[in-house]
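S.K.: Below is a structure I'd like to ask you about.
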Amino acid sequence: MHGEQGSRESALTELRSRLADGLAAARLKQTQLAGRAGLGRTTVWEALSPSKPVPSPETVAALARALKLPVQELLALQRTAAGTSGTAAAQGPGRPIAEWEPHDLEVHPAGPGDTGSRSGIAAGRVLPGYVFREHDQVLWKAVRDVMAGRSRIVVLVGTSSTGKTRACWEAVQPLAGEGWRLWHPFDPTRAEAALEDLHRVLPRTVVWLNEAQHYLGNPAAGERIAAAVHHLLVSRERGPVLVLGTLWPEYAAQYTALPAAGEADPHSRARELLAGRTLTVPDAFDAPALAAAGILAEGGDRLLADALTRVGTDGRMTQDLAGAPELLRRYRHASPAAKAVLEAAMDARRLGVGLHLPQAFLTDAATDYLDQHDYDQLTDDWAERAYAELAEPVHGKQALLRRTISRPPRRPPTPTTAARTAVTQPAGPQFRLADYLEQHGRTTRRPLCPPASFWHAAHTHLTHPDDLNNLTNAAQQRHRLQWAHHLRHRAAEHGSPEALTHLASLREEARDRAEAETLARQAADHGSTNALALLAVLREEAGDRAEAETLAWQAADLGDAYGLVSLVKLREKAGDRAGSEDLVMRTAHLDTAHHHNAFVLVRLAELREEAGDRAGAESLLRQAADHGHPYGLVRLAELREKAGDRAGAETLARQAADLGNTHGLICLAVLREEAGDRAGAESLLRQAADHGDTYGLVYLAMSREKAGDRAGAETLARQAADLGNTYGLVCLAMSREEAGDRAGAESLLRQAADHGHPDGLVGLAVLREEAGDRAGAETLARQAADQGNTDALVRLAVLREEAGDQAGAETLARQAADYGDADVLYRLPLCNRLWPDGLDPEGTPTAPWQP
């Protein structure tokens with residue numbers, strides 16, 4: 001005991017001695033140190049006083065950072081002095097915020113060269129001063145809420161290197177002083193770590209989901225992670241907690257987009273989780289932020305001062321600090337071979353290949369990116385020299401393409417994944433593309449289809465099922481049908497459940513049920529619930545109802561209810577109403593608190609309604625609604641409205657709106673508008689708008705337009721646009737064009753385009769084409785395509801084909817295909833005649849071939 005006491009006293013003496021030495025070296029007074037560390041003067045005095053108790057970990061960490069002392073070393077002394085170094089009290093995941101270094105949480109290092117600090121800390125470990133912007137106010141409100149006991153989630157959305165992660169780090173600093181913990185799930189993979197330990201998160205924990213696509217976008221676990229996070233947030237006994245995440249805009253758009261009618265909904269839980277909880281981080285500093293950065297620079301912040309010499313007025317401070325301009329400069333001035341490797345890597349990432357790119361794949365893929373002259377100049381060691389060039393660091397922080405090592409699996413494989421594990425381990429070195437260049441490639445290379453060497457290298461070297469399946473879809477979308485066929489089979493060979501299911505569906509369409517069932521069973525063994533649903537249908541059609549139901553229930557238990565719905569449809573189509581009713585009734589007795597079971601009830605209710613059984617439909621919807629399923633409430637509201645129960649319909653629609661689904665209010669408004677009750681419709685649309693649904697404002701604008709109130713309609717449409725929904729401006733423009741007011745239509749479309757809506761560009765392109773300005777029309781169409789909407793190219797192609805300009809139509813159609821919208825080919829008979837076998841990578845028609 002005496003020895004332990006002596007050790008604690010010795011540790012406390014050493015801790016205070018090092019803090020005092022740091023204070024002297026920094027030439028600061030205790031009052032100045034308090035201000036720099038964000039602590040009270042008394043707290044600092046007590047931490048340094050030999051007669052006071054051991055300072056808290058939060059105080060020690062704050063002082064260490066302010067004095068540029070090694071945080072972890074001083075915290076180790078604090079734990080020894082406090083006698084807590086050996087405790088193992090039951091704790092949830094994570095550790096105190098004060099013990100984290102920002103760079104360990106993926107905050108970008110910043111700044112060129114040595115800072116000249118006395119501590120000798122490398123420049124890459126130093127952060128520039130922080131400039132507060134508008135999004136920080138929302139983050140800080142969330143922090144205040146959790147400090148008051150209310151759990152919150154905020155997901156910052158912005159492009160690469162815009163300061164999202166740094167903003168999260170700054171926001172949690174007040175919680176460090178309150179003793180909060182921070183948990184960053186990442187080992188063995190982010191998704192696995194999150195799924196395994198989310199249920200263990202304790203109150204007063206920050207859940208750090210940086211680059212949240214690795215969690216929410218995981219094909220196997222994303223929806224379960226979203227559900228677990230949602231459960232954490234709504235469970236009062238587990239709060240307060242703060243969930244912070246970051247996403248690139250394209251991922252946020254993917255996870256929040258509503259599926260088209262009849263399509264699967266792979267991100268329903270993620271969409272619910274993110275609704276109203278995303279926060280946009282702008283790409284650039286505005287004038288006040290630049291001015292604030294200038295003040296910090298004048299105060300001695302060398303990192304900001306250095307960045308301000310390059311940024312000028314474009315405001316891209318965070319990208320500059322993260323080394324983005326140098327990355328871009330090095331890419332543009334790279335040797336031909338190095339640039340070819342980089343562009344192959346850019347194309348691989350934008351078309352869906354994972355972070356870790358095999359060297360063998362990149363090397364073989366790069367050859368067709370070179371023109372003949374540069375190809376002829378290649379030496380035997382060209383690849384080695386190219387990779388060495390790309391590995392050179394930028395400002396000591398980043399490389400254009402850096403070698404990386406993927407973590408091996410650390411858990412025993414399950415029977416369903418054993419086959420996949422054996423073929424997905426990459427052979428040879430792997431590389432990761434710099435984030436900024438990845439995003440640059442997504443933008444600048446969007447209209448380009450990769451050359452033949454890319455597809456050949458993918459087929460030869462890639463083995464991960466998800467990579468191969470994503471490239472299959474990319475080839476299909478670009479009408480590169482031959483490569484899509486070969487890549488799909490390659491993906492199936494390596495255990496892609498999506499590819500196996502697709503091939504099984506093709507075999508079913510060809511009436512080869514035996515092969516279809518074989519492929520579907522393979523896909524099911526690899527975890528595909530769609531395959532289970534397909535097997536259920538095949539067994540039902542084969543007369544094996546018992547196994548069909550077993551398979552459908554298995555799929556439902558895993559969250560896919562389409563198998564059960566399909567069986568009900570098949571039985572009704574076969575005239576077996578009794579069998580259909582039996583399955584419906586057994587489904588109705590499920591525990592509908594489970595999301596997928598409630599969805600089954602909603603779908604079965606729709607079937608009952610289609611069959612004319614409104615009472616049966618209402619009974620099923622009531623069960624779903626009683627368990628809080630929003631869409632069940634919406635559909636029930638519509639049935640009540642049709643039955644004349646307006647008050648009941650509104651009550652149900654408002655209940656759904658309170659749960660985040662305002663579709664019911666808008667549907668009722670449409671029904672009342674059709675019934676001539678314009679005032680009632682407007683009241684419901686206003687309620688939807690009050691609930692934050694901007695489509696309520698859009699429909700309200702169209703209602704005003706029909707009533708002849710054009711000024712009021714435009715005001716409402718602009719309000720919706722200011723909130724991010726420019727659909728109202730586009731709709732009004734179409735209405736004005738139909739009325740012959742072309743000038744008014746063009747004005748509204750220009751407003752929509754100025755708000756960033758590609759449909760505004762589409763409409764403007766069509767107007768330009770009709771006015772004879774073909775060059776202007778094509779420029780606008782390409783701008784829309786660059787924003788992800790190729791409809792303008794398609795519509796211009798249709799207009800040119802109708803005008804007899806087949807060459808012009810074909811050129812536009814090929815551009816749309818290169819952008820990844822092969823649907824254009826189904827709308828242009830000319831292209832179906834010219835390209836029946838697809839296109840080769842360089843864009844020429846593929847010669848006839850047999851699958």
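Convention: chains lettered A, B, ... in structure tokens order; per-chain residue numbering from 1; ligands numbered from 1 as shown.
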As a PyMOL selection string, please: the residues near A:His691 (cut-off 12 Å, only C-alpha atoms, same-chain neighbours under 4 positions excluded).
M.R.: chain A and resi 276+653-666+684-687+695-697
S.K.: Restrict the selected residues to C-alpha atoms and save them as an mmCIF file, in the first residue's frame.
M.R.:
```cif
data_model
loop_
_atom_site.group_PDB
_atom_site.id
_atom_site.type_symbol
_atom_site.label_atom_id
_atom_site.label_comp_id
_atom_site.auth_asym_id
_atom_site.auth_seq_id
_atom_site.Cartn_x
_atom_site.Cartn_y
_atom_site.Cartn_z
ATOM 1 C CA GLY A 276 -34.244 16.544 -41.252
ATOM 2 C CA ALA A 653 -52.776 12.124 -41.922
ATOM 3 C CA ARG A 654 -51.611 14.401 -39.117
ATOM 4 C CA GLN A 655 -50.528 11.379 -37.078
ATOM 5 C CA ALA A 656 -48.430 10.201 -40.027
ATOM 6 C CA ALA A 657 -46.982 13.703 -40.422
ATOM 7 C CA ASP A 658 -45.991 13.732 -36.758
ATOM 8 C CA LEU A 659 -44.066 10.507 -37.485
ATOM 9 C CA GLY A 660 -42.262 12.177 -40.383
ATOM 10 C CA ASN A 661 -44.483 11.212 -43.345
ATOM 11 C CA THR A 662 -46.452 14.154 -44.748
ATOM 12 C CA HIS A 663 -47.488 12.288 -47.894
ATOM 13 C CA GLY A 664 -50.953 11.729 -46.411
ATOM 14 C CA LEU A 665 -51.640 15.449 -46.058
ATOM 15 C CA ILE A 666 -50.642 16.045 -49.675
ATOM 16 C CA LEU A 684 -53.878 20.620 -45.844
ATOM 17 C CA LEU A 685 -50.978 21.708 -48.041
ATOM 18 C CA ARG A 686 -50.161 24.481 -45.594
ATOM 19 C CA GLN A 687 -50.054 21.886 -42.794
ATOM 20 C CA TYR A 695 -43.710 19.748 -51.678
ATOM 21 C CA GLY A 696 -46.635 21.208 -49.743
ATOM 22 C CA LEU A 697 -45.438 24.638 -50.897
#
```
S.K.: Give me the residues within 7 Å of A:Ala681 as a ChimeraX atom specification, counting only C-alpha atoms and dropping any in the same chain fewer than 5 places off.
M.R.: /A:669-670,672-673
S.K.: Please measure the separation of atom CA of A:Ala548 and atom CA of A:Gly495, giving the value in Å to one decimal.
M.R.: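 So the answer is 23.6 Å.
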S.K.: Might you pull out every residue within 7 Å of A:Leu182, with only C-alpha atoms counted and same-chain residues fewer than 6 positions away left off, and present them as a compact mmCIF listing (two decimals) with N, CA and C atoms, in the first residue's frame?
M.R.:
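And here is the file that came out, result.txt:
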```txt
# COMPACT_ATOMS: atom_id res chain seq x y z
N GLY A 94 -15.72 3.28 -26.44
CA GLY A 94 -15.17 4.62 -26.53
C GLY A 94 -14.28 4.94 -25.34
N ARG A 95 -13.73 6.17 -25.36
CA ARG A 95 -12.92 6.64 -24.25
C ARG A 95 -13.15 8.14 -24.11
N PRO A 96 -12.73 8.74 -22.99
CA PRO A 96 -12.99 10.17 -22.80
C PRO A 96 -12.53 11.02 -23.98
N ILE A 97 -13.33 12.00 -24.31
CA ILE A 97 -12.99 12.88 -25.45
C ILE A 97 -11.61 13.48 -25.27
N THR A 205 -22.26 9.75 -24.44
CA THR A 205 -21.29 9.26 -25.42
C THR A 205 -21.52 9.95 -26.76
N VAL A 206 -20.44 10.36 -27.41
CA VAL A 206 -20.50 10.84 -28.79
C VAL A 206 -20.19 9.65 -29.70
N VAL A 207 -21.11 9.31 -30.60
CA VAL A 207 -20.90 8.25 -31.58
C VAL A 207 -20.38 8.90 -32.85
N TRP A 208 -19.16 8.58 -33.24
CA TRP A 208 -18.43 9.28 -34.30
C TRP A 208 -18.50 8.46 -35.59
```
S.K.: List the spatial neighbours of A:Pro70 as a list in words - criterion: any atom at most 12 Å away, only C-alpha atoms, same-chain residues fewer than 2 positions off excluded.
M.R.: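 Counting only C-alpha atoms, the residues come to Leu15, Arg18, Leu19, Gly22, Val60, Ala61, Ala62, Leu63, Ala64, Arg65, Ala66, Leu67, Lys68, Gln72, Glu73, Leu74, Leu75, Ala76, Leu77, Glu99, Trp100, Glu101, Ser119, Gly120, Ile121 and Arg125 of chain A.
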S.K.: For atom CA of A:Ser161 and atom CA of A:His108, determine how far apart the two atoms are, in Å to one decimal place.
M.R.: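 Atom CA of A:Ser161 sits 7.7 Å away from atom CA of A:His108.
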S.K.: Which residues are close to A:Ala253, i.e. within 12 Å by only C-alpha atoms, leaving aside same-chain residues fewer than 2 positions away? Reply as an mmCIF file with N, CA and C atoms, in the first residue's frame.
M.R.:
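Written out: out-v3.cif:
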```cif
data_model
loop_
_atom_site.group_PDB
_atom_site.id
_atom_site.type_symbol
_atom_site.label_atom_id
_atom_site.label_comp_id
_atom_site.auth_asym_id
_atom_site.auth_seq_id
_atom_site.Cartn_x
_atom_site.Cartn_y
_atom_site.Cartn_z
ATOM 1 N N VAL A 157 -22.988 17.290 -44.485
ATOM 2 C CA VAL A 157 -22.904 16.904 -45.893
ATOM 3 C C VAL A 157 -22.092 17.965 -46.637
ATOM 4 N N GLY A 158 -21.051 17.524 -47.304
ATOM 5 C CA GLY A 158 -20.230 18.452 -48.068
ATOM 6 C C GLY A 158 -19.214 17.682 -48.879
ATOM 7 N N GLN A 213 -20.855 6.826 -45.142
ATOM 8 C CA GLN A 213 -21.201 5.867 -46.198
ATOM 9 C C GLN A 213 -20.676 4.479 -45.884
ATOM 10 N N GLY A 217 -24.067 2.828 -45.974
ATOM 11 C CA GLY A 217 -24.066 2.290 -47.327
ATOM 12 C C GLY A 217 -23.591 0.859 -47.416
ATOM 13 N N LEU A 247 -20.900 13.020 -44.686
ATOM 14 C CA LEU A 247 -21.197 12.364 -45.960
ATOM 15 C C LEU A 247 -20.845 13.297 -47.107
ATOM 16 N N TRP A 248 -20.427 12.725 -48.210
ATOM 17 C CA TRP A 248 -20.358 13.487 -49.454
ATOM 18 C C TRP A 248 -21.780 13.647 -50.003
ATOM 19 N N PRO A 249 -22.024 14.706 -50.786
ATOM 20 C CA PRO A 249 -23.385 14.954 -51.273
ATOM 21 C C PRO A 249 -23.978 13.799 -52.065
ATOM 22 N N GLU A 250 -23.163 13.119 -52.893
ATOM 23 C CA GLU A 250 -23.727 12.048 -53.704
ATOM 24 C C GLU A 250 -24.221 10.887 -52.851
ATOM 25 N N TYR A 251 -23.538 10.639 -51.721
ATOM 26 C CA TYR A 251 -24.011 9.579 -50.832
ATOM 27 C C TYR A 251 -25.290 10.015 -50.122
ATOM 28 N N TYR A 255 -28.897 8.005 -50.323
ATOM 29 C CA TYR A 255 -29.575 7.407 -49.175
ATOM 30 C C TYR A 255 -30.931 8.055 -48.894
ATOM 31 N N THR A 256 -31.142 9.286 -49.364
ATOM 32 C CA THR A 256 -32.401 9.970 -49.070
ATOM 33 C C THR A 256 -33.376 9.949 -50.236
ATOM 34 N N ALA A 257 -32.962 9.418 -51.394
ATOM 35 C CA ALA A 257 -33.842 9.413 -52.569
ATOM 36 C C ALA A 257 -34.964 8.395 -52.393
ATOM 37 N N LEU A 258 -36.155 8.795 -52.798
ATOM 38 C CA LEU A 258 -37.284 7.865 -52.784
ATOM 39 C C LEU A 258 -37.171 6.913 -53.971
ATOM 40 N N PRO A 259 -37.469 5.636 -53.768
ATOM 41 C CA PRO A 259 -37.390 4.692 -54.890
ATOM 42 C C PRO A 259 -38.514 4.937 -55.882
ATOM 43 N N HIS A 267 -32.578 1.717 -48.954
ATOM 44 C CA HIS A 267 -32.097 2.638 -47.918
ATOM 45 C C HIS A 267 -33.251 3.253 -47.127
ATOM 46 N N ALA A 270 -32.139 4.194 -43.558
ATOM 47 C CA ALA A 270 -31.179 5.298 -43.609
ATOM 48 C C ALA A 270 -31.899 6.606 -43.947
ATOM 49 N N ARG A 271 -32.863 6.536 -44.888
ATOM 50 C CA ARG A 271 -33.605 7.737 -45.256
ATOM 51 C C ARG A 271 -34.379 8.290 -44.054
ATOM 52 N N LEU A 274 -31.899 9.970 -41.626
ATOM 53 C CA LEU A 274 -31.300 11.224 -42.074
ATOM 54 C C LEU A 274 -32.317 12.348 -42.257
ATOM 55 N N ALA A 275 -33.602 12.005 -42.315
ATOM 56 C CA ALA A 275 -34.633 13.015 -42.614
ATOM 57 C C ALA A 275 -34.559 14.165 -41.603
ATOM 58 N N THR A 278 -29.611 16.334 -41.667
ATOM 59 C CA THR A 278 -28.383 16.629 -42.397
ATOM 60 C C THR A 278 -28.127 18.126 -42.378
ATOM 61 N N GLY A 788 -25.981 15.404 -63.118
ATOM 62 C CA GLY A 788 -26.621 14.116 -62.887
ATOM 63 C C GLY A 788 -27.931 13.901 -63.603
#
```
S.K.: Could you check the closest approach to A:Pro109 for each of A:Thr651, A:Gln319, A:Gln377, A:Gln439 and tell me which residue wins, using only C-alpha atoms?
M.R.: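 Ranked by minimum distance to A:Pro109, first place goes to A:Gln319.
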S.K.: Within 9 Å of A:Asp837, counting only C-alpha atoms, which residues qualify if same-chain residues fewer than 2 places away don't, as a PyMOL selection string?
M.R.: chain A and resi 479-482+832+834-835+839+845-849
S.K.: Any chance you can output those residues with N, CA and C atoms as a PDB file, in the first residue's frame?
M.R.:
```pdb
ATOM      1  N   HIS A 479     -24.540   1.013 -71.818  1.00  0.00           N
ATOM      2  CA  HIS A 479     -24.882   0.209 -72.998  1.00  0.00           C
ATOM      3  C   HIS A 479     -23.675  -0.559 -73.518  1.00  0.00           C
ATOM      4  N   ARG A 480     -22.729  -0.818 -72.633  1.00  0.00           N
ATOM      5  CA  ARG A 480     -21.604  -1.697 -72.997  1.00  0.00           C
ATOM      6  C   ARG A 480     -22.032  -3.120 -72.625  1.00  0.00           C
ATOM      7  N   LEU A 481     -22.924  -3.661 -73.433  1.00  0.00           N
ATOM      8  CA  LEU A 481     -23.646  -4.884 -73.078  1.00  0.00           C
ATOM      9  C   LEU A 481     -22.732  -6.103 -73.015  1.00  0.00           C
ATOM     10  N   GLN A 482     -21.760  -6.181 -73.909  1.00  0.00           N
ATOM     11  CA  GLN A 482     -20.897  -7.349 -73.926  1.00  0.00           C
ATOM     12  C   GLN A 482     -20.050  -7.421 -72.651  1.00  0.00           C
ATOM     13  N   ASN A 832     -31.841   1.917 -81.271  1.00  0.00           N
ATOM     14  CA  ASN A 832     -32.069   0.475 -81.188  1.00  0.00           C
ATOM     15  C   ASN A 832     -31.703  -0.217 -82.499  1.00  0.00           C
ATOM     16  N   LEU A 834     -29.413   0.966 -84.650  1.00  0.00           N
ATOM     17  CA  LEU A 834     -27.988   1.105 -84.905  1.00  0.00           C
ATOM     18  C   LEU A 834     -27.119   0.296 -83.938  1.00  0.00           C
ATOM     19  N   TRP A 835     -27.567   0.139 -82.697  1.00  0.00           N
ATOM     20  CA  TRP A 835     -26.734  -0.487 -81.674  1.00  0.00           C
ATOM     21  C   TRP A 835     -27.439  -1.668 -81.002  1.00  0.00           C
ATOM     22  N   LEU A 839     -22.590  -1.064 -77.351  1.00  0.00           N
ATOM     23  CA  LEU A 839     -21.466  -0.237 -77.794  1.00  0.00           C
ATOM     24  C   LEU A 839     -20.164  -0.801 -77.234  1.00  0.00           C
ATOM     25  N   PRO A 845     -20.375   0.905 -82.472  1.00  0.00           N
ATOM     26  CA  PRO A 845     -21.324  -0.203 -82.291  1.00  0.00           C
ATOM     27  C   PRO A 845     -20.593  -1.536 -82.146  1.00  0.00           C
ATOM     28  N   THR A 846     -21.052  -2.349 -81.219  1.00  0.00           N
ATOM     29  CA  THR A 846     -20.471  -3.672 -81.001  1.00  0.00           C
ATOM     30  C   THR A 846     -20.923  -4.624 -82.104  1.00  0.00           C
ATOM     31  N   ALA A 847     -19.992  -5.411 -82.613  1.00  0.00           N
ATOM     32  CA  ALA A 847     -20.341  -6.415 -83.624  1.00  0.00           C
ATOM     33  C   ALA A 847     -21.265  -7.464 -83.015  1.00  0.00           C
ATOM     34  N   PRO A 848     -22.094  -8.110 -83.824  1.00  0.00           N
ATOM     35  CA  PRO A 848     -22.997  -9.142 -83.288  1.00  0.00           C
ATOM     36  C   PRO A 848     -22.239 -10.198 -82.490  1.00  0.00           C
ATOM     37  N   TRP A 849     -22.793 -10.562 -81.348  1.00  0.00           N
ATOM     38  CA  TRP A 849     -22.162 -11.550 -80.487  1.00  0.00           C
ATOM     39  C   TRP A 849     -23.258 -12.354 -79.794  1.00  0.00           C
TER      40      TRP A 849
END
```
S.K.: Grab the atom CA of A:His757 to atom CA of A:Tyr826 distance for me, in Å with one decimal place.
M.R.: 24.9 Å
S.K.: With only C-alpha atoms as the counted atoms, please give the residues lying no more than 10 Å from A:Val281, apart from itself and same-chain residues fewer than 4 positions off, as a PDB file with C-alpha atoms, in the first residue's frame.
M.R.:
```pdb
ATOM      1  CA  ARG A 133     -19.342  29.491 -39.872  1.00  0.00           C
ATOM      2  CA  GLU A 134     -23.114  29.188 -40.078  1.00  0.00           C
ATOM      3  CA  HIS A 135     -23.228  25.397 -39.870  1.00  0.00           C
ATOM      4  CA  ASP A 136     -21.330  25.547 -36.564  1.00  0.00           C
ATOM      5  CA  LEU A 156     -22.676  17.058 -42.095  1.00  0.00           C
ATOM      6  CA  VAL A 157     -22.904  16.904 -45.893  1.00  0.00           C
ATOM      7  CA  GLY A 158     -20.230  18.452 -48.068  1.00  0.00           C
ATOM      8  CA  THR A 159     -17.626  17.694 -50.668  1.00  0.00           C
ATOM      9  CA  THR A 162     -14.518  21.163 -46.741  1.00  0.00           C
ATOM     10  CA  GLY A 163     -14.009  20.980 -42.972  1.00  0.00           C
ATOM     11  CA  LYS A 164     -16.824  18.591 -41.996  1.00  0.00           C
ATOM     12  CA  ALA A 167     -16.376  21.082 -37.399  1.00  0.00           C
ATOM     13  CA  THR A 246     -20.215  13.158 -42.374  1.00  0.00           C
ATOM     14  CA  TRP A 248     -20.358  13.487 -49.454  1.00  0.00           C
ATOM     15  CA  PRO A 249     -23.385  14.954 -51.273  1.00  0.00           C
ATOM     16  CA  PHE A 285     -15.513  30.402 -46.958  1.00  0.00           C
TER      17      PHE A 285
END
```
S.K.: Which of stretch 62-305 of chain A end up as strand (DSSP E) when DSSP is run on this backbone - answer as a list in words?
M.R.: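 Checking each residue of stretch 62-305 of chain A, the strand (DSSP E) ones are Arg95, Pro96, Arg152, Ile153, Val154, Val155, Leu156, Val157, Arg181, Leu182, Trp183, Thr205, Val206, Val207, Trp208, Leu209, Val241, Leu242, Val243, Leu244, Gly245, Thr246, Leu247, Thr278, Leu279 and Thr280 of chain A.
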S.K.: Write out the residues from the selection above, keeping N, CA, C and O atoms, as a short mmCIF file (atom, residue, chain, number, x, y, z; two decimals), in the first residue's frame.
M.R.:
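Output contents, as saved in result27.cif:
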```
data_model
loop_
_atom_site.label_atom_id
_atom_site.label_comp_id
_atom_site.auth_asym_id
_atom_site.auth_seq_id
_atom_site.Cartn_x
_atom_site.Cartn_y
_atom_site.Cartn_z
N ARG A 95 -13.73 6.17 -25.36
CA ARG A 95 -12.92 6.64 -24.25
C ARG A 95 -13.15 8.14 -24.11
O ARG A 95 -13.74 8.78 -24.99
N PRO A 96 -12.73 8.74 -22.99
CA PRO A 96 -12.99 10.17 -22.80
C PRO A 96 -12.53 11.02 -23.98
O PRO A 96 -11.47 10.77 -24.56
N ARG A 152 -29.29 13.69 -29.74
CA ARG A 152 -29.34 14.35 -31.05
C ARG A 152 -28.42 13.63 -32.04
O ARG A 152 -27.47 12.96 -31.67
N ILE A 153 -28.74 13.80 -33.34
CA ILE A 153 -27.88 13.35 -34.43
C ILE A 153 -27.76 14.48 -35.44
O ILE A 153 -28.76 15.13 -35.77
N VAL A 154 -26.55 14.72 -35.93
CA VAL A 154 -26.31 15.68 -37.01
C VAL A 154 -25.34 15.03 -37.98
O VAL A 154 -24.29 14.51 -37.56
N VAL A 155 -25.69 15.04 -39.27
CA VAL A 155 -24.81 14.50 -40.30
C VAL A 155 -24.43 15.64 -41.23
O VAL A 155 -25.29 16.22 -41.88
N LEU A 156 -23.16 15.97 -41.26
CA LEU A 156 -22.68 17.06 -42.10
C LEU A 156 -22.45 16.56 -43.51
O LEU A 156 -21.80 15.53 -43.72
N VAL A 157 -22.99 17.29 -44.49
CA VAL A 157 -22.90 16.90 -45.89
C VAL A 157 -22.09 17.97 -46.64
O VAL A 157 -22.41 19.15 -46.58
N ARG A 181 -17.67 10.69 -23.25
CA ARG A 181 -16.81 9.76 -23.99
C ARG A 181 -17.07 9.91 -25.48
O ARG A 181 -18.10 10.46 -25.90
N LEU A 182 -16.14 9.43 -26.28
CA LEU A 182 -16.31 9.42 -27.73
C LEU A 182 -15.94 8.04 -28.25
O LEU A 182 -14.91 7.48 -27.87
N TRP A 183 -16.80 7.51 -29.11
CA TRP A 183 -16.58 6.18 -29.68
C TRP A 183 -16.52 6.29 -31.20
O TRP A 183 -17.45 6.79 -31.83
N THR A 205 -22.26 9.75 -24.44
CA THR A 205 -21.29 9.26 -25.42
C THR A 205 -21.52 9.95 -26.76
O THR A 205 -22.66 10.10 -27.19
N VAL A 206 -20.44 10.36 -27.41
CA VAL A 206 -20.50 10.84 -28.79
C VAL A 206 -20.19 9.65 -29.70
O VAL A 206 -19.13 9.02 -29.57
N VAL A 207 -21.11 9.31 -30.60
CA VAL A 207 -20.90 8.25 -31.58
C VAL A 207 -20.38 8.90 -32.85
O VAL A 207 -21.08 9.68 -33.49
N TRP A 208 -19.16 8.58 -33.24
CA TRP A 208 -18.43 9.28 -34.30
C TRP A 208 -18.50 8.46 -35.59
O TRP A 208 -17.77 7.49 -35.76
N LEU A 209 -19.40 8.85 -36.51
CA LEU A 209 -19.59 8.12 -37.76
C LEU A 209 -19.03 8.93 -38.92
O LEU A 209 -19.75 9.29 -39.86
N VAL A 241 -27.18 10.97 -25.87
CA VAL A 241 -26.05 10.66 -26.73
C VAL A 241 -26.04 11.66 -27.89
O VAL A 241 -27.09 12.24 -28.22
N LEU A 242 -24.88 11.84 -28.48
CA LEU A 242 -24.75 12.70 -29.66
C LEU A 242 -24.13 11.87 -30.77
O LEU A 242 -23.02 11.34 -30.61
N VAL A 243 -24.86 11.74 -31.89
CA VAL A 243 -24.34 11.00 -33.05
C VAL A 243 -23.92 12.03 -34.09
O VAL A 243 -24.74 12.86 -34.52
N LEU A 244 -22.65 12.00 -34.48
CA LEU A 244 -22.13 12.92 -35.50
C LEU A 244 -21.61 12.11 -36.68
O LEU A 244 -20.89 11.12 -36.50
N GLY A 245 -21.99 12.53 -37.87
CA GLY A 245 -21.54 11.84 -39.07
C GLY A 245 -21.21 12.83 -40.16
O GLY A 245 -21.56 14.01 -40.09
N THR A 246 -20.52 12.35 -41.20
CA THR A 246 -20.21 13.16 -42.37
C THR A 246 -20.49 12.34 -43.62
O THR A 246 -20.35 11.11 -43.62
N LEU A 247 -20.90 13.02 -44.69
CA LEU A 247 -21.20 12.36 -45.96
C LEU A 247 -20.84 13.30 -47.11
O LEU A 247 -20.99 14.52 -46.99
N THR A 278 -29.61 16.33 -41.67
CA THR A 278 -28.38 16.63 -42.40
C THR A 278 -28.13 18.13 -42.38
O THR A 278 -29.05 18.93 -42.27
N LEU A 279 -26.87 18.47 -42.46
CA LEU A 279 -26.45 19.87 -42.39
C LEU A 279 -25.38 20.10 -43.45
O LEU A 279 -24.36 19.41 -43.47
N THR A 280 -25.64 21.03 -44.36
CA THR A 280 -24.73 21.27 -45.48
C THR A 280 -23.55 22.14 -45.05
O THR A 280 -23.73 23.17 -44.40
#
```
S.K.: Please identify which residues in stretch 649-686 of chain A DSSP calls helix (DSSP H, G or I) from the backbone, and express them as a PyMOL selection string.
M.R.: chain A and resi 649-658+663-674+678-686
